[in-house]
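Engineer: Supplied structure: work_7.txt, compact mmCIF, C-alpha atoms and all ligand atoms.
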# COMPACT_ATOMS: atom_id res chain seq x y z
CA MET Q 16 -10.07 97.66 90.15
CA LEU Q 17 -7.04 95.94 88.59
CA ARG Q 18 -7.76 93.72 85.60
CA LYS Q 19 -5.40 90.81 85.00
CA PHE Q 20 -3.96 89.59 81.69
CA LEU Q 21 -1.30 86.91 81.21
CA GLN Q 22 1.55 86.83 78.71
CA ILE Q 23 3.72 83.93 77.58
CA ALA Q 24 6.32 83.93 74.80
CA ASP Q 25 8.80 82.06 72.64
CA LEU Q 26 7.96 78.45 73.38
CA HIS Q 27 9.98 77.11 70.40
CA LEU Q 28 8.18 73.77 70.59
CA GLY Q 29 9.89 71.22 68.35
CA MET Q 30 13.36 72.75 68.73
CA GLY Q 31 14.58 69.73 70.72
CA VAL Q 32 13.06 67.29 68.22
CA ALA Q 33 14.78 69.04 65.35
CA ALA Q 34 18.11 68.83 67.16
CA GLY Q 35 17.81 65.01 67.29
CA GLY Q 36 19.75 62.76 69.68
CA GLU Q 37 19.80 64.38 73.06
CA GLY Q 38 17.40 66.90 71.63
CA GLY Q 39 14.61 64.39 72.26
CA GLY Q 40 15.26 64.67 75.99
CA ARG Q 41 15.41 68.42 75.70
CA GLU Q 42 12.07 68.45 73.91
CA ARG Q 43 10.49 66.30 76.62
CA GLU Q 44 11.80 68.77 79.20
CA VAL Q 45 10.42 71.82 77.34
CA ARG Q 46 7.00 70.15 77.01
CA ARG Q 47 7.06 69.17 80.69
CA ARG Q 48 7.76 72.83 81.50
CA PHE Q 49 4.87 73.94 79.33
CA ARG Q 50 2.46 71.64 81.17
CA ALA Q 51 3.82 73.00 84.49
CA LEU Q 52 3.36 76.56 83.20
CA VAL Q 53 -0.25 75.92 82.19
CA SER Q 54 -0.98 74.32 85.59
CA HIS Q 55 0.61 77.28 87.40
CA MET Q 56 -1.44 79.81 85.46
CA ALA Q 57 -4.64 77.83 86.05
CA ARG Q 58 -3.85 77.44 89.77
CA TRP Q 59 -2.90 81.04 90.56
CA HIS Q 60 -4.46 83.17 87.85
CA ALA Q 61 -7.83 81.69 87.02
CA ASP Q 62 -9.18 85.24 87.33
CA ALA Q 63 -7.19 86.45 84.29
CA VAL Q 64 -9.28 87.98 81.50
CA PHE Q 65 -7.17 86.26 78.82
CA CYS Q 66 -3.63 85.12 78.00
CA VAL Q 67 -1.62 86.05 74.91
CA CYS Q 68 1.27 84.00 73.51
CA LEU Q 69 3.61 86.55 71.90
CA GLY Q 70 4.87 84.36 69.04
CA ASP Q 71 7.38 81.61 68.25
CA ILE Q 72 5.07 78.88 69.47
CA ALA Q 73 6.84 76.36 67.21
CA HIS Q 74 10.55 76.45 66.38
CA ARG Q 75 10.10 75.20 62.81
CA GLY Q 76 6.38 75.57 62.38
CA ASP Q 77 5.48 71.88 62.89
CA ALA Q 78 1.73 71.22 62.83
CA GLU Q 79 2.21 68.75 65.67
CA ALA Q 80 3.67 71.49 67.90
CA TYR Q 81 0.63 73.71 67.31
CA ALA Q 82 -1.68 70.75 68.08
CA PHE Q 83 0.20 70.15 71.35
CA PHE Q 84 -0.06 73.83 72.26
CA LYS Q 85 -3.81 73.93 71.57
CA ARG Q 86 -4.44 70.75 73.53
CA GLU Q 87 -2.57 72.07 76.60
CA VAL Q 88 -4.02 75.60 76.67
CA SER Q 89 -7.53 74.13 76.35
CA HIS Q 90 -7.12 73.28 80.06
CA LEU Q 91 -6.94 76.99 80.95
CA PRO Q 92 -10.11 78.58 82.35
CA PHE Q 93 -9.62 81.59 80.02
CA GLU Q 94 -8.86 82.11 76.35
CA CYS Q 95 -5.26 82.01 75.06
CA ARG Q 96 -4.79 84.26 72.02
CA VAL Q 97 -1.77 83.85 69.74
CA LEU Q 98 0.67 85.99 67.78
CA LEU Q 99 2.96 85.03 64.93
CA GLY Q 100 6.74 84.83 65.51
CA ASN Q 101 9.61 84.60 63.02
CA HIS Q 102 10.05 80.88 63.80
CA ASP Q 103 6.42 80.05 63.06
CA ALA Q 104 5.32 78.90 59.60
CA TRP Q 105 2.41 80.49 57.76
CA ARG Q 106 0.62 77.43 56.39
CA THR Q 107 0.60 75.33 59.56
CA PHE Q 108 0.02 78.32 61.84
CA SER Q 109 -2.89 79.66 59.79
CA GLU Q 110 -4.45 76.18 59.64
CA ALA Q 111 -4.12 75.81 63.42
CA PHE Q 112 -5.30 79.33 64.33
CA PRO Q 113 -7.56 80.60 61.52
CA GLU Q 114 -9.51 82.78 63.96
CA SER Q 115 -6.33 84.82 64.72
CA ILE Q 116 -6.14 86.16 61.14
CA GLU Q 117 -7.62 89.44 59.96
CA GLY Q 118 -6.87 91.00 56.58
CA GLY Q 119 -4.28 88.33 55.76
CA PHE Q 120 -2.18 88.91 58.88
CA VAL Q 121 -2.20 87.62 62.45
CA GLN Q 122 -3.67 90.79 63.93
CA SER Q 123 -6.75 91.66 65.93
CA ALA Q 124 -8.26 94.13 68.36
CA ILE Q 125 -9.61 92.94 71.72
CA GLU Q 126 -11.90 95.35 73.51
CA ASP Q 127 -11.85 95.24 77.29
CA GLU Q 128 -13.03 97.63 79.99
CA ALA Q 129 -9.31 98.23 80.82
CA GLY Q 130 -8.62 99.36 77.25
CA VAL Q 131 -8.20 98.02 73.74
CA PHE Q 132 -5.49 95.44 73.09
CA LEU Q 133 -4.09 95.60 69.56
CA LEU Q 134 -2.33 92.38 68.60
CA LEU Q 135 0.06 93.09 65.71
CA ASP Q 136 1.81 90.83 63.20
CA SER Q 137 5.45 92.00 63.07
CA VAL Q 138 6.94 89.17 60.97
CA ALA Q 139 8.58 90.24 57.70
CA ARG Q 140 7.30 88.65 54.46
CA ALA Q 141 9.12 87.69 51.28
CA LYS Q 142 7.74 88.90 47.92
CA ASP Q 143 5.80 85.62 47.54
CA GLY Q 144 4.17 86.16 50.94
CA SER Q 145 6.17 83.52 52.82
CA LEU Q 146 7.54 84.40 56.25
CA LEU Q 147 11.11 85.64 56.50
CA THR Q 148 12.73 83.84 59.39
CA HIS Q 149 15.41 86.46 59.95
CA VAL Q 150 15.23 88.26 63.24
CA GLU Q 151 14.27 91.79 62.19
CA GLY Q 152 10.60 92.63 62.39
CA GLU Q 153 8.50 94.99 60.30
CA LEU Q 154 5.13 96.58 59.85
CA CYS Q 155 4.55 96.87 56.11
CA ALA Q 156 2.25 99.44 54.48
CA ALA Q 157 -0.80 97.14 54.71
CA ARG Q 158 -0.29 96.50 58.42
CA LEU Q 159 0.39 100.17 59.15
CA ARG Q 160 -2.89 100.98 57.33
CA TRP Q 161 -4.78 98.45 59.48
CA LEU Q 162 -3.20 99.93 62.61
CA ARG Q 163 -4.07 103.49 61.53
CA GLU Q 164 -7.71 102.46 61.07
CA LYS Q 165 -7.86 100.74 64.46
CA LEU Q 166 -6.25 103.67 66.27
CA ALA Q 167 -8.77 106.02 64.63
CA MET Q 168 -11.61 103.68 65.62
CA TYR Q 169 -10.38 103.66 69.21
CA ALA Q 170 -9.52 107.35 69.55
CA GLY Q 171 -9.99 108.36 73.17
CA ARG Q 172 -9.58 104.81 74.50
CA ASP Q 173 -6.54 103.47 76.32
CA VAL Q 174 -4.61 101.17 73.98
CA PHE Q 175 -2.11 98.38 74.70
CA VAL Q 176 -0.04 96.96 71.84
CA MET Q 177 1.20 93.37 71.76
CA MET Q 178 3.62 92.10 69.12
CA HIS Q 179 6.43 89.58 68.68
CA HIS Q 180 9.33 91.85 67.70
CA PRO Q 181 10.40 94.85 69.79
CA PRO Q 182 10.18 97.95 67.58
CA CYS Q 183 13.69 99.18 68.47
CA SER Q 184 17.15 97.94 69.46
CA LEU Q 185 17.33 96.82 73.10
CA ASP Q 186 21.03 96.63 73.96
CA VAL Q 187 24.52 97.95 73.29
CA TRP Q 188 24.81 96.12 69.98
CA GLU Q 189 22.18 98.28 68.29
CA CYS Q 190 21.87 95.58 65.69
CA GLU Q 191 18.21 94.81 65.06
CA GLY Q 192 16.34 97.14 62.78
CA PHE Q 193 12.57 97.28 62.56
CA GLY Q 194 10.92 98.08 59.25
CA GLY Q 195 8.40 100.88 59.58
CA GLU Q 196 9.66 101.96 63.03
CA ARG Q 197 9.29 105.68 62.37
CA GLU Q 198 5.77 105.43 60.94
CA PHE Q 199 4.74 103.05 63.71
CA ARG Q 200 5.98 105.39 66.43
CA THR Q 201 4.32 108.39 64.80
CA LEU Q 202 0.96 106.55 64.72
CA LEU Q 203 1.20 105.66 68.40
CA GLU Q 204 2.16 109.22 69.37
CA GLN Q 205 -0.64 110.73 67.31
CA HIS Q 206 -3.19 108.52 69.05
CA GLY Q 207 -1.96 109.84 72.40
CA ARG Q 208 -3.27 107.07 74.63
CA VAL Q 209 -1.13 104.07 73.73
CA ARG Q 210 -0.01 103.17 77.24
CA TYR Q 211 2.32 100.27 76.61
CA VAL Q 212 3.94 98.01 73.98
CA PHE Q 213 4.47 94.38 75.09
CA CYS Q 214 6.86 92.20 73.08
CA GLY Q 215 8.46 88.74 72.98
CA HIS Q 216 11.35 87.68 70.72
CA TYR Q 217 14.22 88.88 72.94
CA HIS Q 218 14.04 85.96 75.40
CA ARG Q 219 14.86 88.35 78.26
CA PRO Q 220 12.64 90.10 80.79
CA MET Q 221 13.15 93.80 80.06
CA SER Q 222 11.18 96.97 80.65
CA GLY Q 223 11.75 100.59 79.75
CA MET Q 224 10.47 103.39 77.55
CA TRP Q 225 10.42 103.78 73.77
CA GLY Q 226 9.79 107.46 73.18
CA GLY Q 227 6.85 108.21 75.44
CA THR Q 228 5.51 104.66 75.54
CA GLY Q 229 6.29 101.85 77.96
CA LEU Q 230 8.05 98.87 76.39
CA SER Q 231 8.68 95.39 77.77
CA CYS Q 232 9.92 91.96 76.73
CA LEU Q 233 9.57 88.54 78.32
CA HIS Q 234 11.70 85.54 79.03
CA SER Q 235 11.01 82.51 76.91
CA SER Q 236 8.35 80.88 79.07
CA VAL Q 237 9.73 77.35 78.58
CA SER Q 238 12.79 77.31 76.28
CA HIS Q 239 16.24 78.96 76.04
CA GLN Q 240 17.06 82.49 77.27
CA THR Q 241 19.27 85.17 75.76
CA LEU Q 242 22.18 86.25 77.95
CA LEU Q 243 22.52 90.02 78.12
CA PRO Q 244 25.39 91.04 75.80
CA SER Q 245 28.10 93.50 76.75
CA VAL Q 246 30.67 95.38 74.69
CA GLU Q 247 33.17 92.73 75.86
CA ASP Q 248 31.27 90.03 74.01
CA GLY Q 249 32.95 88.66 70.90
CA GLU Q 250 30.96 88.89 67.71
CA VAL Q 251 28.43 91.70 67.62
CA GLY Q 252 24.92 90.41 67.04
CA ARG Q 253 25.78 86.83 67.97
CA TYR Q 254 23.77 86.29 71.13
CA ARG Q 255 24.75 83.72 73.76
CA TYR Q 256 21.96 81.49 75.00
CA GLY Q 257 21.52 80.10 78.48
CA ASP Q 258 19.05 78.04 80.42
CA GLU Q 259 18.36 80.52 83.19
CA ALA Q 260 15.04 80.29 85.02
CA MET Q 261 11.90 80.78 82.91
CA SER Q 262 9.09 83.16 83.72
CA TYR Q 263 5.79 84.41 82.35
CA GLY Q 264 4.09 87.77 82.56
CA VAL Q 265 1.21 88.74 84.82
CA LEU Q 266 -0.10 92.13 83.78
CA TRP Q 267 -2.38 94.18 86.01
CA VAL Q 268 -4.00 97.29 84.62
CA ASP Q 269 -6.25 100.03 85.94
CA ALA Q 270 -6.71 103.70 85.08
CA ASP Q 271 -3.47 104.69 86.89
CA ARG Q 272 -1.24 101.66 86.69
CA VAL Q 273 0.29 99.25 84.18
CA LEU Q 274 2.05 96.60 86.28
CA LEU Q 275 3.88 93.73 84.59
CA HIS Q 276 5.14 91.05 86.98
CA HIS Q 277 7.53 88.32 85.86
CA VAL Q 278 6.51 85.09 87.57
CA PHE Q 279 9.01 82.24 88.01
CA TYR Q 280 6.89 79.13 88.15
CA GLU Q 281 9.51 76.45 88.90
CA GLY Q 282 12.41 75.99 91.34
CA VAL Q 283 10.94 78.42 93.84
CA GLU Q 284 11.43 77.33 97.45
CA GLU Q 285 8.77 78.87 99.64
CA LEU Q 286 10.13 80.18 102.94
CA GLY Q 287 6.88 80.84 104.78
CA TYR Q 288 5.00 84.05 105.41
CA ALA Q 289 6.52 87.48 106.07
CA GLU Q 290 6.27 88.66 109.69
CA GLY Q 291 4.35 91.83 109.05
CA VAL Q 292 1.25 92.34 106.97
CA ILE Q 293 0.93 95.39 104.75
CA ARG Q 294 -2.49 96.92 105.12
CA ARG Q 295 -4.74 96.81 102.10
CA ARG Q 296 -5.96 100.22 101.05
CA GLU Q 297 -9.67 100.79 101.49
FE FE U 1 11.95 83.24 69.94
In structure tokens, how does this file's structure come out?

Structural biologist:
Amino acid sequence: MLRKFLQIADLHLGMGVAAGGEGGGREREVRRRFRALVSHMARWHADAVFCVCLGDIAHRGDAEAYAFFKREVSHLPFECRVLLGNHDAWRTFSEAFPESIEGGFVQSAIEDEAGVFLLLDSVARAKDGSLLTHVEGELCAARLRWLREKLAMYAGRDVFVMMHHPPCSLDVWECEGFGGEREFRTLLEQHGRVRYVFCGHYHRPMSGMWGGTGLSCLHSSVSHQTLLPSVEDGEVGRYRYGDEAMSYGVLWVDADRVLLHHVFYEGVEELGYAEGVIRRRE
């Protein structure tokens, strides 16, 4: 029996406010989209076990943005867990979501009959503990130790990892490093039953393999998208943004299958039913 889990990412609430001027209109539009997203999830996926927001809830870590987020997701008929992104801010985030913190980081393990979901904190820290807003992610020694303990605790169980930063480069530019990548990958391989790594941060829907593990990213669910770079693009590492359609992730899991669907919740013109009906298997 397929179990359903939802994923949203990279809301960047407050980005339009910070821009000022026309940014106010942009912010209103992003918040309108977020309300539409929440309504869509509640309408079509009330049977989800839980939702996870994969980081960058707020563009500059405004407390007001976190309050808005909490107020809106409280309308969902299931829990919405959160991850830290490089645009979030530690003080306001940790005050808004104290229950998401374990051992000083935004990390937790969620046990489900489909497997264990390990939510990891991939945001780099400065020496004084503040968040580094640069784009590269990391798992420091303390977080790798936490992960090692959890993987040992859940030996023999299927594991799904969720984190903000992808653990490897995702395109021709090969420009984003990930601190602790080798140790991280070794831990996952040693466990042997890590079925998938789900990420945000890239603002593009993407799926593939990283070593022997499935790897995916999501669109921003309400804000700007990254346009796929090519070798023809000008400055390496300077991504172009666009306002292409937004989507969120609907993940179905059973013993055989890990199925991540990208759902476009606005601008979809329904054209009626298909002529044939595919039989449901018994
Ligand atoms: Fe982001």

Engineer: Could you tell me which of Q:Glu164, Q:Asp258, Q:Glu285, Q:Glu198 comes closest to Q:Val45 if we count all atoms listed in the file?

Structural biologist: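 Selected residue with least distance to Q:Val45: Q:Asp258.
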
Engineer: Would you mind telling me which residue in Q:Lys85, Q:Val265, Q:Pro92, Q:Gly171 lies nearest to Q:Gln205 when using only C-alpha atoms?

Structural biologist: Q:Gly171

Engineer: Do you know which residues are at most 6 Å from stretch 68-76 of chain Q counting only C-alpha atoms, after dropping those on the same chain fewer than 6 positions away, and could you put them as a PDB file with C-alpha atoms, in the frame of the given file?

Structural biologist:
ATOM      1  CA  GLN Q  22       1.550  86.830  78.710  1.00  0.00           C
ATOM      2  CA  ILE Q  23       3.720  83.930  77.580  1.00  0.00           C
ATOM      3  CA  ALA Q  24       6.320  83.930  74.800  1.00  0.00           C
ATOM      4  CA  ASP Q  25       8.800  82.060  72.640  1.00  0.00           C
ATOM      5  CA  LEU Q  26       7.960  78.450  73.380  1.00  0.00           C
ATOM      6  CA  HIS Q  27       9.980  77.110  70.400  1.00  0.00           C
ATOM      7  CA  LEU Q  28       8.180  73.770  70.590  1.00  0.00           C
ATOM      8  CA  GLY Q  29       9.890  71.220  68.350  1.00  0.00           C
ATOM      9  CA  MET Q  30      13.360  72.750  68.730  1.00  0.00           C
ATOM     10  CA  VAL Q  97      -1.770  83.850  69.740  1.00  0.00           C
ATOM     11  CA  LEU Q  98       0.670  85.990  67.780  1.00  0.00           C
ATOM     12  CA  LEU Q  99       2.960  85.030  64.930  1.00  0.00           C
ATOM     13  CA  GLY Q 100       6.740  84.830  65.510  1.00  0.00           C
ATOM     14  CA  HIS Q 102      10.050  80.880  63.800  1.00  0.00           C
ATOM     15  CA  ASP Q 103       6.420  80.050  63.060  1.00  0.00           C
ATOM     16  CA  ALA Q 104       5.320  78.900  59.600  1.00  0.00           C
ATOM     17  CA  HIS Q 179       6.430  89.580  68.680  1.00  0.00           C
ATOM     18  CA  GLY Q 215       8.460  88.740  72.980  1.00  0.00           C
TER      19      GLY Q 215
END

Engineer: I'd like to know which of Q:Glu247, Q:Glu259, Q:Glu151, Q:Glu126 is closest to ligand FE 1 (chain U), using all atoms listed in the file.

Structural biologist: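 Comparing Q:Glu247, Q:Glu259, Q:Glu151, Q:Glu126 against ligand FE 1 (chain U), the winner is Q:Glu151.
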
Engineer: Which residue, Q:Thr228, Q:Arg158, Q:Val237, Q:Ala167, has the smallest gap to ligand FE 1 (chain U) when you use all atoms listed in the file?

Structural biologist: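 Under the stated criterion, the closest residue is Q:Val237.
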
Engineer: Mind completing stretch 34-59 of chain Q with N, CA and C atoms? Output as a short mmCIF file (atom, residue, chain, number, x, y, z; two decimals), in the frame of the given file, please?

Structural biologist:
data_model
loop_
_atom_site.label_atom_id
_atom_site.label_comp_id
_atom_site.auth_asym_id
_atom_site.auth_seq_id
_atom_site.Cartn_x
_atom_site.Cartn_y
_atom_site.Cartn_z
N ALA Q 34 16.70 69.01 66.84
CA ALA Q 34 18.11 68.83 67.16
C ALA Q 34 18.50 67.35 67.13
N GLY Q 35 17.52 66.43 67.33
CA GLY Q 35 17.81 65.01 67.29
C GLY Q 35 18.65 64.57 68.49
N GLY Q 36 18.91 63.28 68.59
CA GLY Q 36 19.75 62.76 69.68
C GLY Q 36 19.27 63.23 71.03
N GLU Q 37 20.15 63.89 71.74
CA GLU Q 37 19.80 64.38 73.06
C GLU Q 37 18.68 65.39 73.00
N GLY Q 38 18.48 65.93 71.81
CA GLY Q 38 17.40 66.90 71.63
C GLY Q 38 16.06 66.33 72.02
N GLY Q 39 15.87 65.01 71.87
CA GLY Q 39 14.61 64.39 72.26
C GLY Q 39 14.32 64.60 73.73
N GLY Q 40 15.40 64.43 74.55
CA GLY Q 40 15.26 64.67 75.99
C GLY Q 40 14.98 66.12 76.28
N ARG Q 41 15.62 66.98 75.54
CA ARG Q 41 15.41 68.42 75.70
C ARG Q 41 13.96 68.77 75.37
N GLU Q 42 13.44 68.17 74.30
CA GLU Q 42 12.07 68.45 73.91
C GLU Q 42 11.09 67.97 74.98
N ARG Q 43 11.36 66.81 75.53
CA ARG Q 43 10.49 66.30 76.62
C ARG Q 43 10.50 67.29 77.78
N GLU Q 44 11.67 67.83 78.09
CA GLU Q 44 11.80 68.77 79.20
C GLU Q 44 11.02 70.07 78.91
N VAL Q 45 11.14 70.58 77.68
CA VAL Q 45 10.42 71.82 77.34
C VAL Q 45 8.91 71.60 77.42
N ARG Q 46 8.45 70.43 76.96
CA ARG Q 46 7.00 70.15 77.01
C ARG Q 46 6.55 69.91 78.45
N ARG Q 47 7.39 69.32 79.28
CA ARG Q 47 7.06 69.17 80.69
C ARG Q 47 6.91 70.57 81.32
N ARG Q 48 7.84 71.47 80.98
CA ARG Q 48 7.76 72.83 81.50
C ARG Q 48 6.47 73.50 81.06
N PHE Q 49 6.09 73.26 79.82
CA PHE Q 49 4.87 73.94 79.33
C PHE Q 49 3.64 73.46 80.10
N ARG Q 50 3.59 72.15 80.38
CA ARG Q 50 2.46 71.64 81.17
C ARG Q 50 2.48 72.25 82.57
N ALA Q 51 3.70 72.39 83.15
CA ALA Q 51 3.82 73.00 84.49
C ALA Q 51 3.38 74.47 84.44
N LEU Q 52 3.74 75.15 83.37
CA LEU Q 52 3.36 76.56 83.20
C LEU Q 52 1.84 76.70 83.13
N VAL Q 53 1.21 75.86 82.33
CA VAL Q 53 -0.25 75.92 82.19
C VAL Q 53 -0.92 75.63 83.54
N SER Q 54 -0.41 74.64 84.27
CA SER Q 54 -0.98 74.32 85.59
C SER Q 54 -0.82 75.50 86.54
N HIS Q 55 0.35 76.14 86.50
CA HIS Q 55 0.61 77.28 87.40
C HIS Q 55 -0.34 78.43 87.10
N MET Q 56 -0.53 78.71 85.82
CA MET Q 56 -1.44 79.81 85.46
C MET Q 56 -2.87 79.48 85.88
N ALA Q 57 -3.28 78.22 85.68
CA ALA Q 57 -4.64 77.83 86.05
C ALA Q 57 -4.83 77.86 87.56
N ARG Q 58 -3.77 77.49 88.30
CA ARG Q 58 -3.85 77.44 89.77
C ARG Q 58 -3.90 78.83 90.38
N TRP Q 59 -3.06 79.75 89.89
CA TRP Q 59 -2.90 81.04 90.56
C TRP Q 59 -3.59 82.20 89.85
#
